[in-house]
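Written below as structure tokens is the structure these notes are about.
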Amino acid sequence: MSLGFDKARLRRIDAHIQAKYLDTGRYPHADLLIGCGDDIIHRWTAGEARAGETLKDDAIFRIASMTKPVTSIAFMQLVEEGKIALADPVHRVLPEWRNIGVFISGGGNTPFVTRPTAAPMRMIDLLRHTSGLTYSFQERSNIDAAYRKTGLERFDGGDLEQLVATLAGIPLEFDPGTAWNYSVSTDVLGAIIQRIEGKSLDQVYRERVFDPLGMKDTHFQLPPEKADRFGDCYVYDPKTTKKLYDPGGAASAWVRTPKLLSGGGGLVSTTADYHRFCRMLLGKGALEGARIVAPHTLALMTANHLPGDADLATLSKSLFSEAENAGVGFGLGFATMLSPAKAMVPGNAGEFYWGGMFSTGFFVDPVDDVIMIFMTQLMPSNAYPVRREIKTMLYAALE
């Protein structure tokens with residue numbers, strides 16, 4: 001059943017990706033799912049998982065920052081249970097963070113000079129990325145340089161407790177709540193979840209999200225028996241189009257036990273599994289009788305929580321400050337569309353989305369009852385505008 005989609009126009013998306021990205025060698029493969037309600041309206045899988053091996057529709061992908069919505073949902077379950085509150089200061093659970101200051105000067109071989117924060121960092125700051133933390137790969141400040149020096153984001157480095165301890169000794173880039181900066185905030189949320197629950201993050205996810213939703217192929221560590229479904233991953237190279245970043249199969253780094261259970265970017269998953277997660281989101285927090293969060297909780301999460309009701313183009317310190325992020329707000333774990341006109345892309349106010357560094361992405365549109373999931377494996381995600389192209393062509397097929 002088409003449910004209002006022009007099937008010929010949907011097939012144009014496949015042809016576009018094939019011609020522009022697969023035939024040219026820009027992407028190794030692609031897996032696209034478009035759903036309406038609980039139904040799959042369109043599915044297309046193409047390319048090679050590994051050299052000489054055709055990508056199959058049960059392939060497992062590194063989903064990177066598409067892990068963040070999972071972590072945010074798990075945290076909000078604790079909020080629903082009264083174990084924590086959005087307004088709570090982070091140092092309530094991480095007391096070693098009570099005296100973190102804001103950067104004034106220093107770094108490198110010079111000690112940091114700091115001042116006290118104007119207000120304490122709150123849990124909501126971690127969820128909406130207004131914490132003052134950063135990412136090492138941004139390469140724009142003395143603070144992200146300090147992150148790189150410690151190697152604190154490495155999956156094979158320290159665990160979540162060591163991450164918390166290391167960050168306690170590095171200043172914030174700005175006062176919490178005053179700006180937006182993409183960061184390790186969601187990894188810190190993972191550490192907070194672990195401390196509150198007294199369980200490892202993977203166990204919390206399994207009990208609270210994956211088992212109830214039937215997400216059987218979503219893991220921090222890829223089980224060896226599933227390695228044959230795990231494809232190669234590439235990094236963009238201007239001379240050769242792409243070069244190998246991590247091999248698929250049993251040789252992949254994701255088969256080894258990670259020391260850091262990264263709630264910000266550590267999961268692998270399948271398109272089918274993530275579709276179940278998105279169906280829960282579209283279903284206002286429930287799927288097939290399993291209630292994950294309440295409807296009002298999800299409504300709160302997908303509202304814009306940026307200070308002053310600003311958008312990313314206005315408030316972002318670095319990434320996502322581009323013009324196309326005008327009209328895009330940020331909630332509690334998701335970007336949320338405020339104005340398609342300002343964002344210069346078709347859609348509806350109220351849809352929410354995010355993606356991962358390996359060019360994966362999803363969006364959920366509660367207005368037209370639409371889900372889109374796109375999977376490939378090329379870093380960085382801003383190498384090509386494929387996700388905006390898919391979105392534009394998808395709405396061109398919706399009658």
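Every chain in the structure tokens has a letter given in the order shown (A, B, ...), and although residue numbers restart at 1 in each chain, ligands are simply numbered from 1 in the order shown.
Residues in contact with A:Arg229 at up to 7 Å, not including ones fewer than 2 positions away on its chain and judged by only C-alpha atoms, are A:Ala59, A:Ile60, A:Lys226, A:Ala227, A:Gly231.
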Output N, CA, C and O atoms for every residue in that selection, as a compact mmCIF listing (two decimals), in the first residue's frame.
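And here's result.txt as it stands now:
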# COMPACT_ATOMS: atom_id res chain seq x y z
N ALA A 59 22.50 -6.11 7.11
CA ALA A 59 23.85 -5.63 7.44
C ALA A 59 23.83 -4.84 8.74
O ALA A 59 22.85 -4.17 9.10
N ILE A 60 24.95 -4.91 9.46
CA ILE A 60 25.12 -4.17 10.71
C ILE A 60 26.07 -3.00 10.43
O ILE A 60 27.09 -3.15 9.79
N LYS A 226 28.26 -12.49 14.45
CA LYS A 226 27.58 -11.56 13.54
C LYS A 226 28.57 -10.77 12.68
O LYS A 226 28.16 -9.91 11.90
N ALA A 227 29.85 -11.08 12.81
CA ALA A 227 30.88 -10.29 12.13
C ALA A 227 30.76 -10.36 10.61
O ALA A 227 31.13 -9.41 9.91
N GLY A 231 30.17 -4.56 7.52
CA GLY A 231 30.92 -4.14 6.35
C GLY A 231 32.10 -3.23 6.65
O GLY A 231 32.31 -2.79 7.78
Check: Counting only C-alpha atoms, what is within 8 Å of stretch 186-190 of chain A, bar same-chain residues fewer than 3 positions away, as a ChimeraX atom specification?
Finding: /A:68,71-72,75,126-127,160,163-164,183,193-194,201,261-264
Only all heavy atoms, please: the residues just picked out, written as a compact mmCIF listing (two decimals), in the first residue's frame.
# COMPACT_ATOMS: atom_id res chain seq x y z
N LYS A 68 23.13 8.64 20.44
CA LYS A 68 22.71 9.69 21.38
C LYS A 68 21.22 9.66 21.72
O LYS A 68 20.85 9.81 22.90
CB LYS A 68 23.12 11.06 20.84
CG LYS A 68 24.63 11.34 20.91
CD LYS A 68 24.96 12.71 20.35
CE LYS A 68 26.42 13.09 20.63
NZ LYS A 68 27.37 12.26 19.86
N THR A 71 20.64 6.96 24.37
CA THR A 71 21.09 7.38 25.69
C THR A 71 20.12 8.38 26.30
O THR A 71 19.79 8.30 27.50
CB THR A 71 22.49 8.02 25.59
OG1 THR A 71 23.38 7.10 24.95
CG2 THR A 71 23.04 8.38 26.97
N SER A 72 19.64 9.29 25.50
CA SER A 72 18.72 10.32 25.99
C SER A 72 17.40 9.69 26.44
O SER A 72 16.83 10.10 27.46
CB SER A 72 18.47 11.35 24.90
OG SER A 72 19.70 11.96 24.50
N PHE A 75 18.00 8.01 29.79
CA PHE A 75 18.09 9.00 30.86
C PHE A 75 16.70 9.49 31.24
O PHE A 75 16.37 9.64 32.43
CB PHE A 75 18.97 10.17 30.44
CG PHE A 75 19.15 11.20 31.52
CD1 PHE A 75 20.12 11.05 32.50
CD2 PHE A 75 18.32 12.31 31.57
CE1 PHE A 75 20.27 11.99 33.50
CE2 PHE A 75 18.46 13.27 32.57
CZ PHE A 75 19.44 13.10 33.55
N LEU A 126 23.48 18.83 29.52
CA LEU A 126 24.09 17.67 28.87
C LEU A 126 23.20 17.16 27.74
O LEU A 126 23.69 16.82 26.66
CB LEU A 126 24.32 16.56 29.89
CG LEU A 126 25.32 16.85 31.02
CD1 LEU A 126 25.32 15.72 32.03
CD2 LEU A 126 26.73 17.07 30.46
N LEU A 127 21.90 17.11 27.97
CA LEU A 127 20.98 16.60 26.96
C LEU A 127 20.90 17.50 25.73
O LEU A 127 20.77 17.01 24.61
CB LEU A 127 19.58 16.44 27.57
CG LEU A 127 19.40 15.23 28.48
CD1 LEU A 127 18.32 15.49 29.52
CD2 LEU A 127 19.06 13.98 27.67
N LEU A 160 34.15 4.89 31.44
CA LEU A 160 33.36 6.08 31.70
C LEU A 160 33.78 6.79 32.98
O LEU A 160 33.75 8.03 33.05
CB LEU A 160 31.87 5.72 31.75
CG LEU A 160 31.19 5.52 30.40
CD1 LEU A 160 29.77 4.99 30.59
CD2 LEU A 160 31.18 6.81 29.60
N LEU A 163 36.74 8.77 32.11
CA LEU A 163 36.32 9.93 31.31
C LEU A 163 35.88 11.06 32.23
O LEU A 163 36.29 12.22 32.06
CB LEU A 163 35.19 9.52 30.38
CG LEU A 163 34.55 10.65 29.56
CD1 LEU A 163 35.42 11.03 28.38
CD2 LEU A 163 33.16 10.26 29.07
N VAL A 164 35.03 10.73 33.20
CA VAL A 164 34.53 11.73 34.14
C VAL A 164 35.69 12.36 34.92
O VAL A 164 35.75 13.58 35.09
CB VAL A 164 33.50 11.10 35.10
CG1 VAL A 164 33.22 12.01 36.29
CG2 VAL A 164 32.22 10.78 34.35
N SER A 183 29.29 17.94 21.61
CA SER A 183 30.29 17.58 22.61
C SER A 183 30.10 16.18 23.16
O SER A 183 29.17 15.45 22.78
CB SER A 183 30.19 18.58 23.78
OG SER A 183 29.01 18.35 24.53
N ILE A 193 24.01 7.72 34.09
CA ILE A 193 23.07 6.59 34.09
C ILE A 193 23.68 5.40 34.83
O ILE A 193 23.02 4.75 35.65
CB ILE A 193 22.69 6.20 32.65
CG1 ILE A 193 21.84 7.31 32.01
CG2 ILE A 193 21.94 4.87 32.62
CD1 ILE A 193 21.63 7.14 30.51
N GLN A 194 24.95 5.11 34.55
CA GLN A 194 25.63 4.00 35.22
C GLN A 194 25.65 4.19 36.74
O GLN A 194 25.38 3.26 37.51
CB GLN A 194 27.06 3.84 34.70
CG GLN A 194 27.17 3.16 33.37
CD GLN A 194 28.58 2.66 33.08
OE1 GLN A 194 28.76 1.80 32.22
NE2 GLN A 194 29.60 3.16 33.77
N LEU A 201 26.43 0.45 31.32
CA LEU A 201 25.54 1.09 30.38
C LEU A 201 24.93 0.10 29.39
O LEU A 201 23.75 0.21 29.04
CB LEU A 201 26.29 2.19 29.62
CG LEU A 201 25.44 3.20 28.85
CD1 LEU A 201 24.48 3.93 29.78
CD2 LEU A 201 26.33 4.17 28.09
N LEU A 261 32.23 2.61 27.05
CA LEU A 261 30.88 2.39 26.53
C LEU A 261 30.31 3.78 26.20
O LEU A 261 29.78 4.47 27.05
CB LEU A 261 30.01 1.67 27.55
CG LEU A 261 30.48 0.26 27.94
CD1 LEU A 261 29.56 -0.35 28.98
CD2 LEU A 261 30.58 -0.64 26.71
N SER A 262 30.47 4.18 24.96
CA SER A 262 30.17 5.54 24.55
C SER A 262 28.68 5.72 24.28
O SER A 262 28.17 5.29 23.23
CB SER A 262 30.97 5.92 23.29
OG SER A 262 30.54 7.16 22.79
N GLY A 263 28.00 6.38 25.20
CA GLY A 263 26.61 6.72 24.99
C GLY A 263 26.43 7.79 23.94
O GLY A 263 25.32 8.06 23.48
N GLY A 264 27.54 8.42 23.54
CA GLY A 264 27.49 9.43 22.49
C GLY A 264 27.72 8.89 21.10
O GLY A 264 27.37 9.54 20.12
Margin query: Applying 9 Å and only C-alpha atoms, which residues near stretch 9-18 of chain A remain after dropping the ones on its own chain fewer than 4 positions away? List them as an NGL selection string.
Written below: :A and (5 or 22-24 or 29-30 or 32 or 42 or 44-47 or 386 or 389-390 or 393-394 or 396-398)
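Residues surrounding stretch 333-348 of chain A within 6 Å are Pro69, Ser72, Leu127, Glu324, Asn325, Ala326, Gly327, Trp354 and Thr392 of chain A [only C-alpha atoms; sequence separation below 6 positions excluded].
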Near stretch 275-286 of chain A, counting only C-alpha atoms, which residues have an atom at most 10 Å away, once you skip same-chain residues fewer than 4 positions from it, shown as a CSV table (one decimal) with C-alpha atoms, in the first residue's frame?
chain,number,residue,atom,x,y,z
A,33,LEU,CA,14.2,2.7,4.5
A,34,ILE,CA,11.2,4.9,4.3
A,35,GLY,CA,8.3,4.1,6.5
A,36,CYS,CA,4.8,5.5,7.1
A,37,GLY,CA,3.3,4.6,10.4
A,38,ASP,CA,4.3,1.0,11.2
A,39,ASP,CA,4.6,0.1,7.5
A,40,ILE,CA,7.7,0.0,5.3
A,69,PRO,CA,18.9,9.4,21.1
A,70,VAL,CA,19.1,6.0,22.8
A,73,ILE,CA,15.7,8.0,26.1
A,209,VAL,CA,15.4,-0.3,25.6
A,210,PHE,CA,16.7,-3.1,23.4
A,212,PRO,CA,11.5,-4.4,25.2
A,213,LEU,CA,11.8,-3.1,21.6
A,214,GLY,CA,13.1,-6.4,20.1
A,215,MET,CA,16.3,-4.7,19.0
A,270,THR,CA,20.8,-2.6,11.7
A,271,THR,CA,18.3,-0.6,9.7
A,290,ALA,CA,6.0,-2.0,25.1
A,291,ARG,CA,5.9,1.5,26.8
A,292,ILE,CA,9.5,3.0,26.8
A,293,VAL,CA,8.6,6.6,27.7
A,294,ALA,CA,5.4,8.4,28.2
A,295,PRO,CA,3.9,10.6,25.4
A,296,HIS,CA,4.4,13.8,27.4
A,297,THR,CA,8.1,12.9,28.0
A,298,LEU,CA,8.7,12.4,24.3
A,299,ALA,CA,6.9,15.7,23.5
A,302,THR,CA,11.3,16.9,20.9
A,351,GLU,CA,9.9,16.6,13.0
A,352,PHE,CA,13.0,15.5,14.8
A,353,TYR,CA,16.2,13.8,13.7
A,362,PHE,CA,17.3,9.3,10.4
A,363,PHE,CA,14.3,11.5,10.9
A,364,VAL,CA,10.8,11.1,12.3
A,365,ASP,CA,7.9,13.3,11.1
A,366,PRO,CA,4.9,13.0,13.4
A,367,VAL,CA,2.8,15.3,11.2
A,369,ASP,CA,3.6,9.9,10.0
A,370,VAL,CA,6.9,9.4,8.2
A,371,ILE,CA,10.2,7.7,9.1
A,372,MET,CA,13.4,7.8,7.1
A,373,ILE,CA,16.6,5.8,7.9
Check: What gap, in Å, lies between atom CA of A:Tyr274 and atom CA of A:Lys199?
Finding: 23.6 Å
To test your reading of the structure, identify every residue in stretch 141-261 of chain A that backbone DSSP assigns to strand (DSSP E or B), and report it as a PDB file with N, CA, C and O atoms, in the first residue's frame.
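The new file states_36.pdb reads:
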ATOM      1  N   LEU A 172      35.677  24.280  31.102  1.00  0.00           N
ATOM      2  CA  LEU A 172      34.609  24.380  30.121  1.00  0.00           C
ATOM      3  C   LEU A 172      34.922  25.494  29.132  1.00  0.00           C
ATOM      4  O   LEU A 172      35.635  26.446  29.449  1.00  0.00           O
ATOM      5  N   TRP A 180      25.617  26.739  22.410  1.00  0.00           N
ATOM      6  CA  TRP A 180      25.461  25.339  22.002  1.00  0.00           C
ATOM      7  C   TRP A 180      26.760  24.880  21.369  1.00  0.00           C
ATOM      8  O   TRP A 180      27.325  25.579  20.517  1.00  0.00           O
ATOM      9  N   HIS A 219      24.394  -3.319  19.529  1.00  0.00           N
ATOM     10  CA  HIS A 219      25.401  -3.677  20.527  1.00  0.00           C
ATOM     11  C   HIS A 219      26.478  -2.589  20.633  1.00  0.00           C
ATOM     12  O   HIS A 219      26.697  -1.830  19.685  1.00  0.00           O
ATOM     13  N   PHE A 230      29.017  -7.396   9.001  1.00  0.00           N
ATOM     14  CA  PHE A 230      29.588  -6.091   9.310  1.00  0.00           C
ATOM     15  C   PHE A 230      30.507  -5.661   8.186  1.00  0.00           C
ATOM     16  O   PHE A 230      31.520  -6.315   7.903  1.00  0.00           O
ATOM     17  N   CYS A 233      34.348   0.201   6.615  1.00  0.00           N
ATOM     18  CA  CYS A 233      34.041   1.601   6.873  1.00  0.00           C
ATOM     19  C   CYS A 233      35.191   2.445   6.316  1.00  0.00           C
ATOM     20  O   CYS A 233      36.362   2.083   6.444  1.00  0.00           O
ATOM     21  N   TYR A 234      34.840   3.585   5.709  1.00  0.00           N
ATOM     22  CA  TYR A 234      35.818   4.404   4.999  1.00  0.00           C
ATOM     23  C   TYR A 234      35.869   5.824   5.549  1.00  0.00           C
ATOM     24  O   TYR A 234      34.956   6.287   6.226  1.00  0.00           O
ATOM     25  N   VAL A 235      36.956   6.506   5.225  1.00  0.00           N
ATOM     26  CA  VAL A 235      37.097   7.925   5.509  1.00  0.00           C
ATOM     27  C   VAL A 235      37.308   8.643   4.176  1.00  0.00           C
ATOM     28  O   VAL A 235      37.971   8.107   3.269  1.00  0.00           O
ATOM     29  N   TYR A 236      36.713   9.814   4.042  1.00  0.00           N
ATOM     30  CA  TYR A 236      36.829  10.590   2.811  1.00  0.00           C
ATOM     31  C   TYR A 236      38.283  10.944   2.526  1.00  0.00           C
ATOM     32  O   TYR A 236      39.029  11.322   3.429  1.00  0.00           O
ATOM     33  N   ASP A 237      38.676  10.821   1.286  1.00  0.00           N
ATOM     34  CA  ASP A 237      40.026  11.188   0.861  1.00  0.00           C
ATOM     35  C   ASP A 237      39.909  11.980  -0.439  1.00  0.00           C
ATOM     36  O   ASP A 237      39.358  11.476  -1.422  1.00  0.00           O
ATOM     37  N   THR A 241      38.966   9.536  -3.358  1.00  0.00           N
ATOM     38  CA  THR A 241      37.542   9.516  -2.995  1.00  0.00           C
ATOM     39  C   THR A 241      37.338   8.987  -1.590  1.00  0.00           C
ATOM     40  O   THR A 241      36.711   9.616  -0.757  1.00  0.00           O
ATOM     41  N   LYS A 242      37.889   7.812  -1.293  1.00  0.00           N
ATOM     42  CA  LYS A 242      37.767   7.258   0.056  1.00  0.00           C
ATOM     43  C   LYS A 242      38.891   6.261   0.288  1.00  0.00           C
ATOM     44  O   LYS A 242      39.444   5.684  -0.646  1.00  0.00           O
ATOM     45  N   LYS A 243      39.239   6.089   1.585  1.00  0.00           N
ATOM     46  CA  LYS A 243      40.204   5.067   1.950  1.00  0.00           C
ATOM     47  C   LYS A 243      39.696   4.335   3.187  1.00  0.00           C
ATOM     48  O   LYS A 243      38.894   4.867   3.961  1.00  0.00           O
ATOM     49  N   LEU A 244      40.176   3.128   3.365  1.00  0.00           N
ATOM     50  CA  LEU A 244      39.671   2.274   4.432  1.00  0.00           C
ATOM     51  C   LEU A 244      39.987   2.866   5.799  1.00  0.00           C
ATOM     52  O   LEU A 244      41.115   3.266   6.074  1.00  0.00           O
ATOM     53  N   TYR A 245      38.964   2.923   6.651  1.00  0.00           N
ATOM     54  CA  TYR A 245      39.110   3.394   8.028  1.00  0.00           C
ATOM     55  C   TYR A 245      39.108   2.227   9.007  1.00  0.00           C
ATOM     56  O   TYR A 245      39.935   2.152   9.906  1.00  0.00           O
ATOM     57  N   ASP A 246      38.152   1.316   8.829  1.00  0.00           N
ATOM     58  CA  ASP A 246      38.052   0.137   9.693  1.00  0.00           C
ATOM     59  C   ASP A 246      37.506  -1.007   8.849  1.00  0.00           C
ATOM     60  O   ASP A 246      36.470  -0.859   8.203  1.00  0.00           O
TER      61      ASP A 246
END
Next item on the list: List every residue of stretch 138-202 of chain A that DSSP, applied to the backbone, labels as helix (DSSP H, G or I), and write the result as an MDAnalysis selection string.
Entry: chainID A and resid 138 142:150 160:167 185:197 201:202
Next item on the list: Rank A:Ala146, A:Val255, A:Ala179, A:Ile124 by their smallest atom-to-atom distance to A:Asp311, using only C-alpha atoms, and report the top residue only.
Entry: A:Ala179
Item checked: Distance criterion (only C-alpha atoms): nearest to A:Phe358 out of A:Gly289, A:Gly265, A:Pro307, A:Gly177 -> A:Gly265
Next item on the list: Compile the contact shell of A:Trp97 as a list in words: residues with an atom at most 10 Å away, counting only C-alpha atoms, same-chain residues fewer than 3 positions apart removed.
Entry: Pro89, Val90, His91, Arg92, Val93, Leu94, Ile100, Gly101, Pro120, Met121, Val164, Ala165, Leu167, Ala168 and Gly169 of chain A
Export, as a CSV table (one decimal), in the first residue's frame, the selected residues with C-alpha atoms.
chain,number,residue,atom,x,y,z
A,89,PRO,CA,23.1,20.1,38.9
A,90,VAL,CA,25.4,17.6,37.3
A,91,HIS,CA,27.6,17.6,40.5
A,92,ARG,CA,24.7,16.0,42.3
A,93,VAL,CA,25.7,12.7,40.7
A,94,LEU,CA,29.3,13.7,39.7
A,100,ILE,CA,34.9,22.9,37.2
A,101,GLY,CA,35.7,26.4,35.9
A,120,PRO,CA,26.1,25.2,37.7
A,121,MET,CA,25.9,22.8,34.8
A,164,VAL,CA,34.5,11.7,34.1
A,165,ALA,CA,37.8,12.0,36.1
A,167,LEU,CA,37.1,16.0,32.3
A,168,ALA,CA,37.0,17.2,35.9
A,169,GLY,CA,40.5,18.6,35.3
So which residues touch A:Ser136 within 8 Å, counting only C-alpha atoms, skipping near sequence neighbours fewer than 6 positions away, as a PDB file with all heavy atoms, in the first residue's frame?
ATOM      1  N   ASP A 144      39.577  21.736  23.183  1.00  0.00           N
ATOM      2  CA  ASP A 144      39.552  20.483  22.422  1.00  0.00           C
ATOM      3  C   ASP A 144      40.968  19.951  22.194  1.00  0.00           C
ATOM      4  O   ASP A 144      41.173  18.742  22.058  1.00  0.00           O
ATOM      5  CB  ASP A 144      38.748  20.606  21.120  1.00  0.00           C
ATOM      6  CG  ASP A 144      39.281  21.620  20.124  1.00  0.00           C
ATOM      7  OD1 ASP A 144      40.452  21.522  19.756  1.00  0.00           O
ATOM      8  OD2 ASP A 144      38.503  22.492  19.706  1.00  0.00           O
ATOM      9  N   ALA A 145      41.969  20.837  22.194  1.00  0.00           N
ATOM     10  CA  ALA A 145      43.359  20.372  22.133  1.00  0.00           C
ATOM     11  C   ALA A 145      43.713  19.574  23.380  1.00  0.00           C
ATOM     12  O   ALA A 145      44.427  18.561  23.301  1.00  0.00           O
ATOM     13  CB  ALA A 145      44.302  21.563  21.981  1.00  0.00           C
ATOM     14  N   ALA A 146      43.219  20.012  24.538  1.00  0.00           N
ATOM     15  CA  ALA A 146      43.450  19.272  25.780  1.00  0.00           C
ATOM     16  C   ALA A 146      42.761  17.917  25.734  1.00  0.00           C
ATOM     17  O   ALA A 146      43.292  16.916  26.224  1.00  0.00           O
ATOM     18  CB  ALA A 146      42.944  20.086  26.975  1.00  0.00           C
ATOM     19  N   TYR A 147      41.571  17.853  25.120  1.00  0.00           N
ATOM     20  CA  TYR A 147      40.883  16.569  24.951  1.00  0.00           C
ATOM     21  C   TYR A 147      41.743  15.626  24.108  1.00  0.00           C
ATOM     22  O   TYR A 147      41.900  14.443  24.439  1.00  0.00           O
ATOM     23  CB  TYR A 147      39.540  16.773  24.249  1.00  0.00           C
ATOM     24  CG  TYR A 147      38.401  17.302  25.081  1.00  0.00           C
ATOM     25  CD1 TYR A 147      38.598  18.130  26.184  1.00  0.00           C
ATOM     26  CD2 TYR A 147      37.088  16.998  24.744  1.00  0.00           C
ATOM     27  CE1 TYR A 147      37.546  18.626  26.918  1.00  0.00           C
ATOM     28  CE2 TYR A 147      36.013  17.483  25.474  1.00  0.00           C
ATOM     29  CZ  TYR A 147      36.251  18.305  26.559  1.00  0.00           C
ATOM     30  OH  TYR A 147      35.185  18.785  27.275  1.00  0.00           O
ATOM     31  N   ARG A 148      42.291  16.144  23.003  1.00  0.00           N
ATOM     32  CA  ARG A 148      43.108  15.293  22.131  1.00  0.00           C
ATOM     33  C   ARG A 148      44.339  14.786  22.861  1.00  0.00           C
ATOM     34  O   ARG A 148      44.762  13.643  22.672  1.00  0.00           O
ATOM     35  CB  ARG A 148      43.518  16.062  20.869  1.00  0.00           C
ATOM     36  CG  ARG A 148      42.382  16.281  19.880  1.00  0.00           C
ATOM     37  CD  ARG A 148      42.894  16.772  18.533  1.00  0.00           C
ATOM     38  NE  ARG A 148      43.545  18.074  18.631  1.00  0.00           N
ATOM     39  CZ  ARG A 148      42.912  19.238  18.669  1.00  0.00           C
ATOM     40  NH1 ARG A 148      41.594  19.274  18.661  1.00  0.00           N
ATOM     41  NH2 ARG A 148      43.583  20.379  18.715  1.00  0.00           N
ATOM     42  N   GLU A 153      38.421  10.379  24.361  1.00  0.00           N
ATOM     43  CA  GLU A 153      37.284   9.881  23.575  1.00  0.00           C
ATOM     44  C   GLU A 153      37.562   8.533  22.924  1.00  0.00           C
ATOM     45  O   GLU A 153      36.697   8.008  22.203  1.00  0.00           O
ATOM     46  CB  GLU A 153      36.912  10.906  22.497  1.00  0.00           C
ATOM     47  CG  GLU A 153      36.397  12.219  23.053  1.00  0.00           C
ATOM     48  CD  GLU A 153      36.399  13.323  22.005  1.00  0.00           C
ATOM     49  OE1 GLU A 153      35.964  13.057  20.879  1.00  0.00           O
ATOM     50  OE2 GLU A 153      36.852  14.432  22.313  1.00  0.00           O
TER      51      GLU A 153
END
Next item on the list: Kindly indicate which residue among A:Leu332, A:Ala8, A:Leu287, A:Leu55 lies nearest to A:His305, using only C-alpha atoms for the distances.
Entry: A:Leu332
Check: What is the distance between atom CA of A:Phe174 and atom CA of A:Gly132, in Å to one decimal?
Finding: 4.9 Å
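Taking atom CA of A:Arg128 as the reference point, atom CA of A:Gly331 is found at 5.8 Å.
Shortest separation to A:Lys259 among A:Leu152, A:Ile196, A:Val79, A:Met357 occurs at residue A:Leu152, atoms counted being only C-alpha atoms.
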